[in-house]
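Q: For reference, the file final-v5.cif (mmCIF, N, CA and C atoms) is included below:
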data_structure
#
loop_
_atom_site.label_atom_id
_atom_site.label_comp_id
_atom_site.auth_asym_id
_atom_site.auth_seq_id
_atom_site.Cartn_x
_atom_site.Cartn_y
_atom_site.Cartn_z
N MET A 22 6.51 -14.66 43.12
CA MET A 22 6.99 -13.83 42.03
C MET A 22 7.20 -14.65 40.77
N SER A 23 7.66 -15.87 40.88
CA SER A 23 7.89 -16.67 39.68
C SER A 23 6.58 -16.97 38.97
N LEU A 24 5.48 -17.15 39.71
CA LEU A 24 4.19 -17.39 39.10
C LEU A 24 3.76 -16.17 38.29
N GLU A 25 3.95 -15.00 38.86
CA GLU A 25 3.60 -13.76 38.16
C GLU A 25 4.45 -13.61 36.88
N PHE A 26 5.74 -13.91 36.99
CA PHE A 26 6.62 -13.82 35.83
C PHE A 26 6.19 -14.83 34.76
N GLY A 27 5.85 -16.04 35.20
CA GLY A 27 5.40 -17.06 34.26
C GLY A 27 4.17 -16.61 33.51
N ASN A 28 3.19 -16.00 34.17
CA ASN A 28 1.99 -15.52 33.50
C ASN A 28 2.32 -14.41 32.50
N GLN A 29 3.21 -13.52 32.90
CA GLN A 29 3.61 -12.45 31.98
C GLN A 29 4.32 -13.03 30.77
N SER A 30 5.15 -14.03 30.99
CA SER A 30 5.88 -14.65 29.90
C SER A 30 4.91 -15.32 28.92
N LYS A 31 3.91 -16.04 29.44
CA LYS A 31 2.91 -16.67 28.58
C LYS A 31 2.16 -15.62 27.78
N SER A 32 1.80 -14.54 28.46
CA SER A 32 1.06 -13.47 27.79
C SER A 32 1.91 -12.86 26.67
N TYR A 33 3.18 -12.64 26.94
CA TYR A 33 4.09 -12.09 25.94
C TYR A 33 4.22 -13.05 24.76
N GLN A 34 4.39 -14.34 25.04
CA GLN A 34 4.52 -15.33 23.97
C GLN A 34 3.26 -15.37 23.12
N SER A 35 2.12 -15.29 23.77
CA SER A 35 0.84 -15.31 23.04
C SER A 35 0.72 -14.10 22.13
N ARG A 36 1.07 -12.92 22.63
CA ARG A 36 1.02 -11.70 21.80
C ARG A 36 2.01 -11.79 20.65
N SER A 37 3.20 -12.33 20.90
CA SER A 37 4.21 -12.46 19.85
C SER A 37 3.74 -13.41 18.76
N LEU A 38 3.12 -14.53 19.16
CA LEU A 38 2.62 -15.49 18.19
C LEU A 38 1.51 -14.87 17.34
N ARG A 39 0.57 -14.14 17.97
CA ARG A 39 -0.51 -13.49 17.22
C ARG A 39 0.06 -12.49 16.23
N ALA A 40 1.04 -11.72 16.66
CA ALA A 40 1.65 -10.73 15.76
C ALA A 40 2.32 -11.41 14.58
N ALA A 41 3.03 -12.51 14.82
CA ALA A 41 3.71 -13.23 13.74
C ALA A 41 2.71 -13.81 12.75
N LEU A 42 1.59 -14.32 13.24
CA LEU A 42 0.59 -14.91 12.36
C LEU A 42 -0.13 -13.85 11.54
N ASN A 43 -0.18 -12.61 12.02
CA ASN A 43 -0.88 -11.53 11.32
C ASN A 43 0.05 -10.65 10.50
N THR A 44 1.32 -11.00 10.41
CA THR A 44 2.28 -10.22 9.66
C THR A 44 2.17 -10.58 8.18
N PRO A 45 1.91 -9.61 7.32
CA PRO A 45 1.80 -9.91 5.88
C PRO A 45 3.13 -10.42 5.30
N ALA A 46 3.03 -11.33 4.34
CA ALA A 46 4.21 -11.86 3.64
C ALA A 46 4.24 -11.28 2.22
N ALA A 47 5.40 -10.80 1.80
CA ALA A 47 5.55 -10.25 0.45
C ALA A 47 5.38 -11.35 -0.58
N ILE A 48 4.55 -11.06 -1.62
CA ILE A 48 4.30 -12.08 -2.65
C ILE A 48 4.47 -11.56 -4.08
N GLY A 49 4.71 -10.28 -4.27
CA GLY A 49 4.86 -9.78 -5.63
C GLY A 49 5.27 -8.32 -5.68
N TYR A 50 5.63 -7.88 -6.88
CA TYR A 50 6.12 -6.51 -7.09
C TYR A 50 5.83 -6.10 -8.53
N GLU A 51 5.55 -4.83 -8.72
CA GLU A 51 5.46 -4.27 -10.07
C GLU A 51 5.84 -2.79 -10.05
N THR A 52 6.24 -2.29 -11.20
CA THR A 52 6.50 -0.86 -11.39
C THR A 52 5.54 -0.36 -12.45
N ILE A 53 4.89 0.77 -12.17
CA ILE A 53 3.93 1.36 -13.10
C ILE A 53 4.42 2.75 -13.48
N THR A 54 4.54 3.00 -14.77
CA THR A 54 4.84 4.35 -15.25
C THR A 54 3.51 5.08 -15.42
N VAL A 55 3.37 6.19 -14.70
CA VAL A 55 2.11 6.94 -14.70
C VAL A 55 2.20 8.06 -15.72
N ASP A 56 1.18 8.15 -16.59
CA ASP A 56 1.11 9.21 -17.58
C ASP A 56 -0.29 9.83 -17.53
N GLY A 57 -0.74 10.41 -18.61
CA GLY A 57 -2.04 11.08 -18.65
C GLY A 57 -3.24 10.15 -18.74
N THR A 58 -3.00 8.84 -18.80
CA THR A 58 -4.11 7.88 -18.85
C THR A 58 -4.34 7.32 -17.44
N ILE A 59 -5.51 6.71 -17.24
CA ILE A 59 -5.81 6.08 -15.95
C ILE A 59 -5.20 4.68 -15.96
N LYS A 60 -4.39 4.40 -14.95
CA LYS A 60 -3.75 3.10 -14.82
C LYS A 60 -4.31 2.39 -13.58
N SER A 61 -4.28 1.07 -13.61
CA SER A 61 -4.70 0.24 -12.49
C SER A 61 -3.54 -0.64 -12.06
N LEU A 62 -3.70 -1.29 -10.92
CA LEU A 62 -2.70 -2.24 -10.45
C LEU A 62 -2.96 -3.61 -11.07
N THR A 63 -1.91 -4.41 -11.16
CA THR A 63 -2.01 -5.80 -11.59
C THR A 63 -1.49 -6.64 -10.43
N PRO A 64 -2.35 -6.89 -9.43
CA PRO A 64 -1.87 -7.54 -8.22
C PRO A 64 -1.53 -9.01 -8.42
N THR A 65 -0.59 -9.48 -7.65
CA THR A 65 -0.26 -10.90 -7.58
C THR A 65 -1.46 -11.62 -6.97
N ALA A 66 -1.78 -12.81 -7.47
CA ALA A 66 -2.93 -13.58 -6.96
C ALA A 66 -2.82 -13.75 -5.45
N GLY A 67 -3.91 -13.49 -4.76
CA GLY A 67 -3.96 -13.63 -3.31
C GLY A 67 -3.56 -12.40 -2.53
N ALA A 68 -3.18 -11.32 -3.23
CA ALA A 68 -2.74 -10.11 -2.53
C ALA A 68 -3.89 -9.47 -1.75
N THR A 69 -3.62 -9.14 -0.49
CA THR A 69 -4.60 -8.46 0.35
C THR A 69 -4.11 -7.11 0.83
N HIS A 70 -2.84 -6.82 0.60
CA HIS A 70 -2.23 -5.54 0.97
C HIS A 70 -1.30 -5.11 -0.15
N ALA A 71 -1.10 -3.81 -0.28
CA ALA A 71 -0.11 -3.29 -1.22
C ALA A 71 0.54 -2.06 -0.60
N LEU A 72 1.84 -1.95 -0.77
CA LEU A 72 2.59 -0.79 -0.33
C LEU A 72 3.14 -0.13 -1.58
N ILE A 73 2.85 1.17 -1.73
CA ILE A 73 3.20 1.89 -2.95
C ILE A 73 4.12 3.05 -2.60
N LYS A 74 5.17 3.22 -3.40
CA LYS A 74 6.05 4.37 -3.25
C LYS A 74 6.13 5.08 -4.60
N LEU A 75 5.95 6.39 -4.59
CA LEU A 75 6.01 7.19 -5.82
C LEU A 75 7.39 7.83 -5.95
N GLU A 76 7.96 7.68 -7.13
CA GLU A 76 9.16 8.43 -7.50
C GLU A 76 8.78 9.32 -8.67
N SER A 77 9.00 10.63 -8.51
CA SER A 77 8.56 11.59 -9.52
C SER A 77 9.57 12.70 -9.70
N SER A 78 9.66 13.22 -10.91
CA SER A 78 10.52 14.37 -11.19
C SER A 78 9.81 15.69 -10.89
N ALA A 79 8.50 15.64 -10.63
CA ALA A 79 7.71 16.84 -10.41
C ALA A 79 7.80 17.30 -8.95
N THR A 80 7.58 18.59 -8.74
CA THR A 80 7.46 19.12 -7.38
C THR A 80 5.98 19.35 -7.10
N GLY A 81 5.57 19.15 -5.87
CA GLY A 81 4.15 19.27 -5.53
C GLY A 81 3.42 17.98 -5.85
N ILE A 82 2.10 18.07 -6.00
CA ILE A 82 1.30 16.88 -6.29
C ILE A 82 1.61 16.40 -7.70
N ALA A 83 2.14 15.18 -7.79
CA ALA A 83 2.57 14.63 -9.08
C ALA A 83 1.51 13.73 -9.70
N VAL A 84 0.85 12.92 -8.86
CA VAL A 84 -0.19 11.99 -9.34
C VAL A 84 -1.38 12.06 -8.40
N ARG A 85 -2.52 11.57 -8.91
CA ARG A 85 -3.72 11.45 -8.08
C ARG A 85 -4.19 10.01 -8.12
N ILE A 86 -4.71 9.54 -6.97
CA ILE A 86 -5.15 8.16 -6.84
C ILE A 86 -6.53 8.08 -6.23
N LEU A 87 -7.24 7.00 -6.53
CA LEU A 87 -8.49 6.63 -5.88
C LEU A 87 -8.51 5.12 -5.72
N GLU A 88 -9.25 4.62 -4.75
CA GLU A 88 -9.31 3.17 -4.52
C GLU A 88 -10.64 2.56 -4.94
N PHE A 89 -11.44 3.28 -5.71
CA PHE A 89 -12.70 2.70 -6.20
C PHE A 89 -12.96 3.28 -7.59
N LYS A 90 -13.64 2.51 -8.41
CA LYS A 90 -13.83 2.90 -9.81
C LYS A 90 -15.14 3.61 -10.09
N SER A 91 -15.98 3.82 -9.07
CA SER A 91 -17.25 4.49 -9.32
C SER A 91 -17.04 5.98 -9.64
N THR A 92 -15.89 6.52 -9.29
CA THR A 92 -15.51 7.88 -9.66
C THR A 92 -14.16 7.80 -10.35
N ALA A 93 -14.04 8.40 -11.52
CA ALA A 93 -12.77 8.36 -12.25
C ALA A 93 -11.78 9.36 -11.68
N VAL A 94 -10.56 8.91 -11.49
CA VAL A 94 -9.49 9.79 -11.05
C VAL A 94 -9.13 10.72 -12.22
N THR A 95 -8.83 11.98 -11.91
CA THR A 95 -8.43 12.96 -12.93
C THR A 95 -7.25 13.77 -12.39
N THR A 96 -6.83 14.76 -13.15
CA THR A 96 -5.74 15.62 -12.68
C THR A 96 -6.13 16.43 -11.45
N THR A 97 -7.44 16.56 -11.18
CA THR A 97 -7.90 17.34 -10.01
C THR A 97 -8.77 16.54 -9.04
N VAL A 98 -9.18 15.33 -9.41
CA VAL A 98 -10.03 14.50 -8.56
C VAL A 98 -9.22 13.31 -8.05
N GLY A 99 -9.18 13.13 -6.75
CA GLY A 99 -8.45 12.02 -6.14
C GLY A 99 -7.46 12.54 -5.12
N MET A 100 -6.87 11.62 -4.42
CA MET A 100 -5.88 11.96 -3.40
C MET A 100 -4.53 12.20 -4.07
N GLY A 101 -3.88 13.29 -3.74
CA GLY A 101 -2.61 13.63 -4.37
C GLY A 101 -1.42 13.00 -3.68
N LEU A 102 -0.48 12.54 -4.48
CA LEU A 102 0.80 12.04 -3.97
C LEU A 102 1.93 12.85 -4.59
N SER A 103 2.95 13.08 -3.80
CA SER A 103 4.14 13.80 -4.25
C SER A 103 5.34 12.86 -4.25
N ASN A 104 6.45 13.34 -4.80
CA ASN A 104 7.67 12.55 -4.88
C ASN A 104 8.02 11.92 -3.53
N LEU A 105 8.30 10.63 -3.54
CA LEU A 105 8.72 9.81 -2.41
C LEU A 105 7.62 9.55 -1.38
N ASP A 106 6.38 9.91 -1.68
CA ASP A 106 5.27 9.55 -0.79
C ASP A 106 5.08 8.04 -0.81
N ILE A 107 4.65 7.51 0.33
CA ILE A 107 4.34 6.09 0.46
C ILE A 107 2.87 5.97 0.80
N TYR A 108 2.20 5.01 0.17
CA TYR A 108 0.76 4.81 0.36
C TYR A 108 0.50 3.33 0.59
N ASN A 109 -0.35 3.02 1.57
CA ASN A 109 -0.64 1.65 1.94
C ASN A 109 -2.09 1.32 1.61
N ILE A 110 -2.32 0.22 0.90
CA ILE A 110 -3.67 -0.27 0.60
C ILE A 110 -3.86 -1.55 1.41
N THR A 111 -4.94 -1.61 2.20
CA THR A 111 -5.09 -2.70 3.16
C THR A 111 -6.25 -3.64 2.89
N ASN A 112 -6.74 -3.71 1.68
CA ASN A 112 -7.88 -4.57 1.39
C ASN A 112 -7.82 -4.99 -0.08
N ALA A 113 -8.10 -6.26 -0.36
CA ALA A 113 -8.04 -6.76 -1.74
C ALA A 113 -9.00 -6.00 -2.66
N GLN A 114 -10.18 -5.64 -2.15
CA GLN A 114 -11.15 -4.88 -2.96
C GLN A 114 -10.58 -3.52 -3.34
N ASN A 115 -9.88 -2.88 -2.42
CA ASN A 115 -9.28 -1.58 -2.71
C ASN A 115 -8.13 -1.70 -3.71
N ILE A 116 -7.42 -2.83 -3.67
CA ILE A 116 -6.34 -3.06 -4.65
C ILE A 116 -6.92 -3.13 -6.05
N THR A 117 -8.01 -3.90 -6.23
CA THR A 117 -8.60 -4.03 -7.56
C THR A 117 -9.30 -2.76 -8.00
N GLY A 118 -9.73 -1.92 -7.08
CA GLY A 118 -10.38 -0.66 -7.43
C GLY A 118 -9.41 0.49 -7.63
N PHE A 119 -8.13 0.29 -7.33
CA PHE A 119 -7.13 1.36 -7.39
C PHE A 119 -6.96 1.89 -8.81
N GLN A 120 -6.89 3.23 -8.91
CA GLN A 120 -6.60 3.89 -10.18
C GLN A 120 -5.70 5.09 -9.94
N VAL A 121 -4.86 5.40 -10.90
CA VAL A 121 -3.90 6.48 -10.78
C VAL A 121 -3.76 7.18 -12.13
N THR A 122 -3.52 8.49 -12.09
CA THR A 122 -3.17 9.26 -13.28
C THR A 122 -2.26 10.40 -12.85
N GLN A 123 -1.57 11.00 -13.80
CA GLN A 123 -0.70 12.12 -13.44
C GLN A 123 -1.51 13.37 -13.17
N ALA A 124 -1.03 14.17 -12.24
CA ALA A 124 -1.65 15.46 -11.94
C ALA A 124 -0.91 16.59 -12.64
N GLN A 125 0.33 16.34 -12.99
CA GLN A 125 1.14 17.30 -13.74
C GLN A 125 2.21 16.54 -14.52
N GLY A 126 2.80 17.22 -15.49
CA GLY A 126 3.81 16.59 -16.32
C GLY A 126 5.05 16.18 -15.54
N GLY A 127 5.83 15.32 -16.14
CA GLY A 127 7.05 14.83 -15.52
C GLY A 127 7.13 13.32 -15.67
N THR A 128 8.12 12.75 -15.05
CA THR A 128 8.29 11.30 -15.05
C THR A 128 7.83 10.78 -13.70
N HIS A 129 6.86 9.86 -13.71
CA HIS A 129 6.28 9.35 -12.47
C HIS A 129 6.28 7.82 -12.51
N LYS A 130 6.82 7.21 -11.49
CA LYS A 130 6.82 5.74 -11.38
C LYS A 130 6.30 5.34 -10.01
N LEU A 131 5.34 4.39 -10.01
CA LEU A 131 4.87 3.78 -8.78
C LEU A 131 5.58 2.45 -8.61
N HIS A 132 6.17 2.25 -7.46
CA HIS A 132 6.78 0.97 -7.10
C HIS A 132 5.82 0.31 -6.13
N VAL A 133 5.32 -0.88 -6.49
CA VAL A 133 4.26 -1.54 -5.72
C VAL A 133 4.73 -2.90 -5.22
N GLN A 134 4.69 -3.10 -3.92
CA GLN A 134 4.99 -4.40 -3.31
C GLN A 134 3.68 -4.97 -2.80
N TYR A 135 3.37 -6.23 -3.18
CA TYR A 135 2.13 -6.89 -2.78
C TYR A 135 2.39 -7.87 -1.62
N TYR A 136 1.38 -7.97 -0.74
CA TYR A 136 1.46 -8.84 0.43
C TYR A 136 0.18 -9.64 0.59
N LYS A 137 0.30 -10.79 1.28
CA LYS A 137 -0.90 -11.53 1.66
C LYS A 137 -0.82 -11.87 3.13
#
Is it possible to express this structure as structure tokens?

A:
Amino acid sequence: MSLEFGNQSKSYQSRSLRAALNTPAAIGYETITVDGTIKSLTPTAGATHALIKLESSATGIAVRILEFKSTAVTTTVGMGLSNLDIYNITNAQNITGFQVTQAQGGTHKLHVQYYK
């Protein structure tokens, strides 16, 4: 039984180490005020992930986002976010391609935490 426990312990330690090595580290933060213009992110150098939270005074879809620039985001084109929605970007290319604009009037702020 001790041999079996030892193998399980090694396996657990190995999984824990892999998880720790793959855990993103926070490296930057910005706040973006979203209005009727198209805004982009200004990522911290080396960022490969971004976590975004929207705070908005509007009800319903407040802003629209896209992660690539080949199509422009508009008030009706893009993925809609509402007040207190959280959005995760998991690739550096998607961070640089990110664009946002308001879908309706109000005060809209994106809080962005960057990770590597």

Q: On this file, the PyMOL selection byres ((chain A and resi 60) around 6.5) gives some set of residues; write that set as a PyMOL selection string.

A: chain A and resi 58-59+61-62+119-122

Q: Between atom CA of A:Asn104 and atom CA of A:Ile116, what is the distance, to one decimal in Å?

A: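 Pair atom CA of A:Asn104 / atom CA of A:Ile116 returns 21.0 Å.
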
Q: Name the residues in contact with A:Ala68 at a cut-off of 8 Å, using all atoms listed in the file, excluding same-chain residues fewer than 5 positions from it; report them as a ChimeraX atom specification.

A: /A:48-49,111-114,116,135-137

Q: Every residue with an atom at most 9 Å from (2.7, 0.9, 0.0) (file coordinates; only C-alpha atoms) is what I'm after, so could you write them as a PyMOL selection string?

A: chain A and resi 70-74+107-110+132-135

Q: So the first atom is atom CA of A:Thr128 and the second is atom N of A:Ser78; what is the distance between them in Å, to one decimal place?

A: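 Going from atom CA of A:Thr128 over to atom N of A:Ser78, I get 4.8 Å.
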